[in-house]
Amino acid sequence: MKKIKYTARIKRYDPDTNKSYFQDFEVEVEDSLTVLELLMYIKDKIDSTLTFRAFCRSAICGSCAMIINGRAGLACKIQAKDKIKNGVITIEPLNHLPVVRDLVVDQEPAFNKLKKVKPYLVPDPKVVPDNTKVESLVLPEEFKRYDKQTDCILCMACYGQCNALEGDEKYLGPFQLVKAFRFIMDTRDGVDVEERIKLVEDHGIWDCVQCQMCLAACPKGIAPCDDILELRRIAKDTGEENIATRRAKFWFATVYETGQIDKFHLPEVAFGDERGKEITKKLEEEFKSRGMSEDEFAPKPFEGIEKFRNFIKKLEKEL
Ligand code: SF4
Ligand code: SF4
Ligand code: FES
């Protein structure tokens with residue numbers, strides 16, 4: 001078996017001293033090692049204090065997710081040699097979760113968010129028989145709608161790579177929204193869609209920035225970003241007023257009135273709560289500090305706006 005030499009640069013954290021630092025380990029190992037096997041080699045041969053979490057070694061249990069060269073993934077699924085850059089592979093704990101020691105993170109905050117979406121089936125008595133001896137059937141075409149999502153192993157790689165969490169630590173998170181999607185799609189579920197949608201609106205589906213990093217990180221090929229878009233469509237179809245409908249109405253109203261989108265007041269109106277007001281206030285302060293006047297902050301109708309409004313009215317009649 002071919003051996004290769006390289007540096008494993010590992011982020012360490014010692015809770016006793018509260019110190020976090022990178023430590024380099026020079027290794028000469030077989031080129032077939034996974035990142036997890038590399039960590040086991042270091043623990044076994046160089047430093048027994050190195051701490052990481054792993055169990056199945058087969059991409060099933062979901063416990064070994066970490067950041068490898070800046071990207072989240074499963075250590076037991078990724079070949080170390082594929083990640084060596086200029087002789088170095090960098091390994092860090094998952095982002096957005098408190099580090100317990102070295103590469104081990106505390107998963108509880110993410111699981112607490114998962115609990116908020118009711119991540120379980122509440123049997124619909126109209127569909128699920130009372131008699132436990134009778135099967136509750138799901139048709140193959142029904143199961144196809146959420147088959148992929150049931151592959152989620154709760155590894156949290158998507159969570160550790162999510163850009164929405166960079167700006168908002170209260171954001172529910174990708175796999176939590178995948179779980180919500182999975183139960184909305186389940187024909188046996190008895191919770192109203194409206195109720196399930198309400199659970200994912202606050203710091204949820206409307207806050208995703210559609211960066212697709214969750215899809216890139218997922219070892220099971222699940223696309224939380226796509227499920228979130230679908231959840232937004234479902235939310236729109238429920239007919240309830242929500243961020244999307246308020247945003248659309250405000251866009252239309254300001255464009256009709258002034259010919260421009262009032263992007264500064266958009267968060268205030270769309271969110272419809274204190275959080276929206278806070279974002280609008282911050283935007284106002286930011287732009288004023290750059291010399292923007294009050295007038296510029298609130299768009300005014302442009303010259304000839306009547307002609308534009310008549311055009312819109314005509315379009316509305318034709319639609
Ligand atoms: S697409 Fe949305 S959920 Fe996925 S990583 Fe980006 S912000 Fe997070
Ligand atoms: S969606 Fe994928 S990356 Fe996210 S927790 Fe589930 S399996 Fe892991
Ligand atoms: S050790 Fe189980 S998923 Fe990696």
# chains A, B, ... in the order shown; residues from 1 in each chain; ligands from 1
$ residues_around --residues "Phe252 in chain A" --least-positions-apart "4" --cutoff "12 Å" --atoms "only C-alpha atoms" --output "PDB file with C-alpha atoms, in the first residue's frame"
ATOM      1  CA  THR A 245     -47.523  37.953   0.741  1.00  0.00           C
ATOM      2  CA  ARG A 246     -46.698  41.086   2.765  1.00  0.00           C
ATOM      3  CA  ARG A 247     -43.464  41.533   0.821  1.00  0.00           C
ATOM      4  CA  ALA A 248     -45.217  41.108  -2.544  1.00  0.00           C
ATOM      5  CA  TYR A 256     -47.075  51.716  -8.128  1.00  0.00           C
ATOM      6  CA  GLU A 257     -46.761  54.807  -5.944  1.00  0.00           C
ATOM      7  CA  THR A 258     -43.220  55.851  -6.744  1.00  0.00           C
ATOM      8  CA  GLY A 259     -41.908  53.716  -9.586  1.00  0.00           C
ATOM      9  CA  GLN A 260     -39.269  52.332  -7.213  1.00  0.00           C
ATOM     10  CA  ILE A 261     -38.987  49.544  -4.661  1.00  0.00           C
ATOM     11  CA  ASP A 262     -38.769  50.884  -1.124  1.00  0.00           C
ATOM     12  CA  LYS A 263     -36.153  48.337  -0.085  1.00  0.00           C
ATOM     13  CA  LEU A 266     -39.369  46.304   3.136  1.00  0.00           C
ATOM     14  CA  ARG A 309     -49.536  53.956 -13.191  1.00  0.00           C
ATOM     15  CA  ILE A 312     -50.043  49.156 -14.603  1.00  0.00           C
ATOM     16  CA  LYS A 313     -53.826  49.654 -14.378  1.00  0.00           C
ATOM     17  CA  GLU A 316     -54.209  44.635 -14.298  1.00  0.00           C
TER      18      GLU A 316
END
$ select_by_dssp --residues "range 35-122 of chain A" --states "strand (DSSP E)" --output "list in words"
Ala65, Met66, Ile67, Ile68, Arg71, Ala72, Gly73, Leu74, Val88, Ile89, Thr90, Ile91, Glu92, Val99, Val100, Arg101, Val104 and Val105 of chain A
$ write_last_selection --atoms "N, CA and C atoms" --output "mmCIF file, in the first residue's frame"
data_model
loop_
_atom_site.group_PDB
_atom_site.id
_atom_site.type_symbol
_atom_site.label_atom_id
_atom_site.label_comp_id
_atom_site.auth_asym_id
_atom_site.auth_seq_id
_atom_site.Cartn_x
_atom_site.Cartn_y
_atom_site.Cartn_z
ATOM 1 N N ALA A 65 -19.500 14.333 11.646
ATOM 2 C CA ALA A 65 -19.472 15.526 10.777
ATOM 3 C C ALA A 65 -18.505 16.553 11.350
ATOM 4 N N MET A 66 -17.699 17.125 10.467
ATOM 5 C CA MET A 66 -16.751 18.171 10.872
ATOM 6 C C MET A 66 -16.409 19.016 9.654
ATOM 7 N N ILE A 67 -15.597 20.025 9.859
ATOM 8 C CA ILE A 67 -15.217 20.885 8.733
ATOM 9 C C ILE A 67 -13.838 20.450 8.244
ATOM 10 N N ILE A 68 -13.799 20.043 6.995
ATOM 11 C CA ILE A 68 -12.538 19.564 6.410
ATOM 12 C C ILE A 68 -12.165 20.508 5.271
ATOM 13 N N ARG A 71 -14.953 22.893 4.400
ATOM 14 C CA ARG A 71 -16.251 22.364 3.978
ATOM 15 C C ARG A 71 -16.731 21.288 4.949
ATOM 16 N N ALA A 72 -18.014 21.343 5.289
ATOM 17 C CA ALA A 72 -18.555 20.353 6.222
ATOM 18 C C ALA A 72 -18.766 19.019 5.510
ATOM 19 N N GLY A 73 -18.512 17.937 6.221
ATOM 20 C CA GLY A 73 -18.736 16.613 5.655
ATOM 21 C C GLY A 73 -18.481 15.552 6.707
ATOM 22 N N LEU A 74 -18.718 14.306 6.320
ATOM 23 C CA LEU A 74 -18.488 13.202 7.251
ATOM 24 C C LEU A 74 -17.042 12.729 7.152
ATOM 25 N N VAL A 88 -1.092 19.949 3.171
ATOM 26 C CA VAL A 88 -1.802 20.139 4.454
ATOM 27 C C VAL A 88 -3.283 19.787 4.310
ATOM 28 N N ILE A 89 -3.834 19.150 5.331
ATOM 29 C CA ILE A 89 -5.288 18.972 5.420
ATOM 30 C C ILE A 89 -5.729 19.631 6.738
ATOM 31 N N THR A 90 -6.744 20.489 6.651
ATOM 32 C CA THR A 90 -7.181 21.222 7.845
ATOM 33 C C THR A 90 -8.504 20.643 8.338
ATOM 34 N N ILE A 91 -8.566 20.365 9.622
ATOM 35 C CA ILE A 91 -9.774 19.749 10.197
ATOM 36 C C ILE A 91 -10.238 20.576 11.396
ATOM 37 N N GLU A 92 -11.523 20.975 11.350
ATOM 38 C CA GLU A 92 -12.071 21.821 12.427
ATOM 39 C C GLU A 92 -13.434 21.270 12.860
ATOM 40 N N VAL A 99 -18.351 24.333 20.941
ATOM 41 C CA VAL A 99 -17.368 23.242 20.955
ATOM 42 C C VAL A 99 -17.214 22.742 22.392
ATOM 43 N N VAL A 100 -17.256 21.426 22.535
ATOM 44 C CA VAL A 100 -17.106 20.819 23.862
ATOM 45 C C VAL A 100 -15.619 20.557 24.112
ATOM 46 N N ARG A 101 -14.978 19.903 23.153
ATOM 47 C CA ARG A 101 -13.532 19.652 23.205
ATOM 48 C C ARG A 101 -13.066 19.292 21.788
ATOM 49 N N VAL A 104 -15.326 17.885 18.951
ATOM 50 C CA VAL A 104 -16.666 17.498 19.436
ATOM 51 C C VAL A 104 -17.488 18.751 19.734
ATOM 52 N N VAL A 105 -18.665 18.803 19.107
ATOM 53 C CA VAL A 105 -19.555 19.952 19.363
ATOM 54 C C VAL A 105 -20.763 19.507 20.180
#
$ closest_residue --among "A:Pro129, A:Gly173, A:Gly70, A:Pro299" --to "Pro109 in chain A" --atoms "only C-alpha atoms"
A:Gly173
$ closest_residue --among "A:Thr7, A:Thr280, A:Gln107, A:Thr51" --to "Met156 in chain A" --atoms "only C-alpha atoms"
A:Gln107
$ residues_around --residues "Lys249 in chain A" --least-positions-apart "6" --cutoff "10 Å" --atoms "only C-alpha atoms" --output "number ranges by chain"
A: 243, 255, 269-270
$ closest_residue --among "A:Ala253, A:Cys64, A:Leu199, A:Ala223" --to "Tyr146 in chain A" --atoms "only C-alpha atoms"
A:Ala223
$ residues_near_ligand --ligand "ligand 2" --cutoff "10 Å" --atoms "only C-alpha atoms and all ligand atoms" --output "CSV table (one decimal) with N, CA and C atoms, in the first residue's frame"
chain,number,residue,atom,x,y,z
A,59,ALA,N,-20.8,6.1,7.4
A,59,ALA,CA,-21.7,7.2,6.9
A,59,ALA,C,-23.2,6.9,7.3
A,60,ILE,N,-23.4,6.3,8.4
A,60,ILE,CA,-24.8,5.9,8.8
A,60,ILE,C,-25.2,6.6,10.1
A,61,CYS,N,-24.3,6.6,11.1
A,61,CYS,CA,-24.7,7.2,12.4
A,61,CYS,C,-24.8,8.7,12.5
A,62,GLY,N,-24.0,9.3,11.6
A,62,GLY,CA,-24.1,10.8,11.5
A,62,GLY,C,-23.3,11.5,12.6
A,63,SER,N,-22.4,10.8,13.3
A,63,SER,CA,-21.7,11.4,14.4
A,63,SER,C,-20.4,12.1,14.1
A,65,ALA,N,-19.5,14.3,11.6
A,65,ALA,CA,-19.5,15.5,10.8
A,65,ALA,C,-18.5,16.6,11.4
A,72,ALA,N,-18.0,21.3,5.3
A,72,ALA,CA,-18.6,20.4,6.2
A,72,ALA,C,-18.8,19.0,5.5
A,73,GLY,N,-18.5,17.9,6.2
A,73,GLY,CA,-18.7,16.6,5.7
A,73,GLY,C,-18.5,15.6,6.7
A,74,LEU,N,-18.7,14.3,6.3
A,74,LEU,CA,-18.5,13.2,7.3
A,74,LEU,C,-17.0,12.7,7.2
A,148,LYS,N,-36.4,10.8,-0.2
A,148,LYS,CA,-35.0,11.2,-0.1
A,148,LYS,C,-34.8,11.8,1.3
A,149,GLN,N,-35.8,12.6,1.8
A,149,GLN,CA,-35.7,13.3,3.1
A,149,GLN,C,-35.6,12.3,4.2
A,150,THR,N,-36.2,11.1,4.1
A,150,THR,CA,-36.1,10.1,5.2
A,150,THR,C,-34.7,9.5,5.3
A,151,ASP,N,-33.8,9.9,4.4
A,151,ASP,CA,-32.4,9.4,4.5
A,151,ASP,C,-31.6,10.2,5.4
A,152,CYS,N,-32.2,11.3,5.9
A,152,CYS,CA,-31.4,12.2,6.8
A,152,CYS,C,-30.9,11.5,8.0
A,153,ILE,N,-29.6,11.6,8.3
A,153,ILE,CA,-29.0,10.9,9.4
A,153,ILE,C,-28.7,11.9,10.6
A,154,LEU,N,-29.2,13.1,10.5
A,154,LEU,CA,-29.0,14.1,11.5
A,154,LEU,C,-27.6,14.4,11.8
A,155,CYS,N,-26.7,14.4,10.8
A,155,CYS,CA,-25.3,14.5,11.0
A,155,CYS,C,-25.0,16.0,11.3
A,156,MET,N,-25.8,16.9,10.9
A,156,MET,CA,-25.7,18.4,11.1
A,156,MET,C,-24.6,19.0,10.2
A,157,ALA,N,-24.1,18.3,9.2
A,157,ALA,CA,-23.1,18.9,8.3
A,157,ALA,C,-23.7,20.1,7.6
A,158,CYS,N,-25.0,20.0,7.2
A,158,CYS,CA,-25.7,21.1,6.6
A,158,CYS,C,-25.8,22.3,7.5
A,159,TYR,N,-26.0,22.0,8.8
A,159,TYR,CA,-26.2,23.1,9.8
A,159,TYR,C,-24.8,23.8,10.0
A,160,GLY,N,-23.7,23.0,10.0
A,160,GLY,CA,-22.4,23.6,10.2
A,160,GLY,C,-21.9,24.4,9.0
A,161,GLN,N,-22.7,24.3,7.9
A,161,GLN,CA,-22.2,25.0,6.7
A,161,GLN,C,-23.2,26.1,6.3
A,162,CYS,N,-24.3,26.3,7.0
A,162,CYS,CA,-25.4,27.1,6.6
A,162,CYS,C,-25.0,28.6,6.7
A,173,GLY,N,-32.5,26.2,10.8
A,173,GLY,CA,-31.5,25.4,10.2
A,173,GLY,C,-32.0,24.4,9.2
A,174,PRO,N,-31.1,24.0,8.3
A,174,PRO,CA,-31.5,23.2,7.1
A,174,PRO,C,-32.2,21.9,7.4
A,175,PHE,N,-31.5,21.1,8.3
A,175,PHE,CA,-32.1,19.7,8.5
A,175,PHE,C,-33.4,19.8,9.2
A,176,GLN,N,-33.6,20.8,10.1
A,176,GLN,CA,-34.8,21.0,10.8
A,176,GLN,C,-36.0,21.2,9.8
A,177,LEU,N,-35.7,22.0,8.7
A,177,LEU,CA,-36.7,22.3,7.8
A,177,LEU,C,-36.9,21.1,6.8
A,178,VAL,N,-35.9,20.3,6.6
A,178,VAL,CA,-36.1,19.1,5.9
A,178,VAL,C,-37.1,18.2,6.6
A,179,LYS,N,-36.9,18.1,7.9
A,179,LYS,CA,-37.8,17.3,8.7
A,179,LYS,C,-39.3,17.8,8.7
A,213,MET,N,-25.4,25.8,0.1
A,213,MET,CA,-24.2,25.1,0.8
A,213,MET,C,-24.7,23.9,1.6
A,214,CYS,N,-26.0,23.8,2.0
A,214,CYS,CA,-26.5,22.7,2.7
A,214,CYS,C,-26.5,21.4,1.8
A,215,LEU,N,-26.8,21.7,0.5
A,215,LEU,CA,-26.8,20.6,-0.5
A,215,LEU,C,-25.4,20.1,-0.7
A,216,ALA,N,-24.5,21.0,-0.8
A,216,ALA,CA,-23.1,20.7,-1.0
A,216,ALA,C,-22.5,19.8,0.1
A,217,ALA,N,-23.0,20.1,1.3
A,217,ALA,CA,-22.5,19.5,2.5
A,217,ALA,C,-23.1,18.1,2.8
A,218,CYS,N,-24.3,17.9,2.3
A,218,CYS,CA,-25.1,16.7,2.7
A,218,CYS,C,-24.5,15.4,2.2
A,219,PRO,N,-24.1,14.5,3.1
A,219,PRO,CA,-23.6,13.2,2.6
A,219,PRO,C,-24.6,12.3,2.0
A,220,LYS,N,-25.9,12.6,2.1
A,220,LYS,CA,-26.9,11.8,1.6
A,220,LYS,C,-27.6,12.4,0.4
A,221,GLY,N,-27.1,13.5,-0.1
A,221,GLY,CA,-27.6,14.1,-1.3
A,221,GLY,C,-29.0,14.7,-1.2
A,222,ILE,N,-29.3,15.1,0.1
A,222,ILE,CA,-30.6,15.8,0.3
A,222,ILE,C,-30.3,17.3,0.0
A,223,ALA,N,-31.4,17.9,-0.5
A,223,ALA,CA,-31.3,19.3,-0.8
A,223,ALA,C,-32.2,20.2,0.1
A,224,PRO,N,-31.8,20.5,1.3
A,224,PRO,CA,-32.7,21.3,2.2
A,224,PRO,C,-33.1,22.6,1.5
A,225,CYS,N,-32.2,23.2,0.7
A,225,CYS,CA,-32.6,24.4,0.0
A,225,CYS,C,-33.8,24.3,-0.9
$ atom_distance --atom1 "CA of Val35 in chain A" --atom2 "CA of Ala75 in chain A"
4.8 Å
$ closest_residue --among "A:Glu201, A:Asp226, A:Asp207, A:Glu28" --to "Asn242 in chain A" --atoms "only C-alpha atoms"
A:Glu201
$ select_by_dssp --residues "range 29-142 of chain A" --states "helix (DSSP H, G or I)" --output "PyMOL selection string"
chain A and resi 35-45+80-83+108-116+140-142
$ write_last_selection --atoms "C-alpha atoms" --output "PDB file, in the first residue's frame"
ATOM      1  CA  VAL A  35     -10.268  11.520   7.424  1.00  0.00           C
ATOM      2  CA  LEU A  36     -11.677   9.544  10.337  1.00  0.00           C
ATOM      3  CA  GLU A  37      -8.979   6.877   9.988  1.00  0.00           C
ATOM      4  CA  LEU A  38      -6.392   9.651   9.915  1.00  0.00           C
ATOM      5  CA  LEU A  39      -7.765  11.044  13.190  1.00  0.00           C
ATOM      6  CA  MET A  40      -7.742   7.549  14.709  1.00  0.00           C
ATOM      7  CA  TYR A  41      -4.140   7.081  13.604  1.00  0.00           C
ATOM      8  CA  ILE A  42      -3.126  10.366  15.269  1.00  0.00           C
ATOM      9  CA  LYS A  43      -5.003   9.476  18.450  1.00  0.00           C
ATOM     10  CA  ASP A  44      -3.477   6.010  18.509  1.00  0.00           C
ATOM     11  CA  LYS A  45       0.126   6.837  17.564  1.00  0.00           C
ATOM     12  CA  ALA A  80      -7.946  12.268   3.340  1.00  0.00           C
ATOM     13  CA  LYS A  81      -5.714  12.275   0.249  1.00  0.00           C
ATOM     14  CA  ASP A  82      -8.414  14.067  -1.779  1.00  0.00           C
ATOM     15  CA  LYS A  83      -8.321  16.964   0.665  1.00  0.00           C
ATOM     16  CA  GLU A 108     -28.214  20.138  21.801  1.00  0.00           C
ATOM     17  CA  PRO A 109     -28.965  23.662  20.489  1.00  0.00           C
ATOM     18  CA  ALA A 110     -29.629  22.225  17.022  1.00  0.00           C
ATOM     19  CA  PHE A 111     -31.774  19.409  18.435  1.00  0.00           C
ATOM     20  CA  ASN A 112     -33.748  21.947  20.454  1.00  0.00           C
ATOM     21  CA  LYS A 113     -34.524  23.774  17.213  1.00  0.00           C
ATOM     22  CA  LEU A 114     -35.532  20.455  15.639  1.00  0.00           C
ATOM     23  CA  LYS A 115     -38.066  19.928  18.428  1.00  0.00           C
ATOM     24  CA  LYS A 116     -39.748  23.213  17.441  1.00  0.00           C
ATOM     25  CA  PRO A 140     -45.292   4.376  -3.668  1.00  0.00           C
ATOM     26  CA  GLU A 141     -46.013   7.670  -5.494  1.00  0.00           C
ATOM     27  CA  GLU A 142     -46.901   9.308  -2.164  1.00  0.00           C
TER      28      GLU A 142
END
$ decode --residues "range 21-50 of chain A" --atoms "C-alpha atoms" --output "PDB file, in the first residue's frame"
ATOM      1  CA  TYR A  21      -5.564  26.730  18.695  1.00  0.00           C
ATOM      2  CA  PHE A  22      -4.384  24.822  15.612  1.00  0.00           C
ATOM      3  CA  GLN A  23      -1.971  21.955  16.085  1.00  0.00           C
ATOM      4  CA  ASP A  24       0.050  20.418  13.265  1.00  0.00           C
ATOM      5  CA  PHE A  25       0.646  16.669  13.151  1.00  0.00           C
ATOM      6  CA  GLU A  26       3.184  15.403  10.619  1.00  0.00           C
ATOM      7  CA  VAL A  27       2.071  12.004   9.372  1.00  0.00           C
ATOM      8  CA  GLU A  28       3.280   9.356   6.958  1.00  0.00           C
ATOM      9  CA  VAL A  29       0.321   7.093   6.362  1.00  0.00           C
ATOM     10  CA  GLU A  30      -1.330   4.909   3.732  1.00  0.00           C
ATOM     11  CA  ASP A  31      -2.978   6.953   1.009  1.00  0.00           C
ATOM     12  CA  SER A  32      -6.249   5.040   1.405  1.00  0.00           C
ATOM     13  CA  LEU A  33      -7.189   6.515   4.806  1.00  0.00           C
ATOM     14  CA  THR A  34     -10.427   8.339   5.349  1.00  0.00           C
ATOM     15  CA  VAL A  35     -10.268  11.520   7.424  1.00  0.00           C
ATOM     16  CA  LEU A  36     -11.677   9.544  10.337  1.00  0.00           C
ATOM     17  CA  GLU A  37      -8.979   6.877   9.988  1.00  0.00           C
ATOM     18  CA  LEU A  38      -6.392   9.651   9.915  1.00  0.00           C
ATOM     19  CA  LEU A  39      -7.765  11.044  13.190  1.00  0.00           C
ATOM     20  CA  MET A  40      -7.742   7.549  14.709  1.00  0.00           C
ATOM     21  CA  TYR A  41      -4.140   7.081  13.604  1.00  0.00           C
ATOM     22  CA  ILE A  42      -3.126  10.366  15.269  1.00  0.00           C
ATOM     23  CA  LYS A  43      -5.003   9.476  18.450  1.00  0.00           C
ATOM     24  CA  ASP A  44      -3.477   6.010  18.509  1.00  0.00           C
ATOM     25  CA  LYS A  45       0.126   6.837  17.564  1.00  0.00           C
ATOM     26  CA  ILE A  46       0.787  10.523  18.323  1.00  0.00           C
ATOM     27  CA  ASP A  47      -1.590  12.179  20.775  1.00  0.00           C
ATOM     28  CA  SER A  48      -4.139  10.176  22.737  1.00  0.00           C
ATOM     29  CA  THR A  49      -5.813  13.361  23.996  1.00  0.00           C
ATOM     30  CA  LEU A  50      -7.191  14.228  20.539  1.00  0.00           C
TER      31      LEU A  50
END
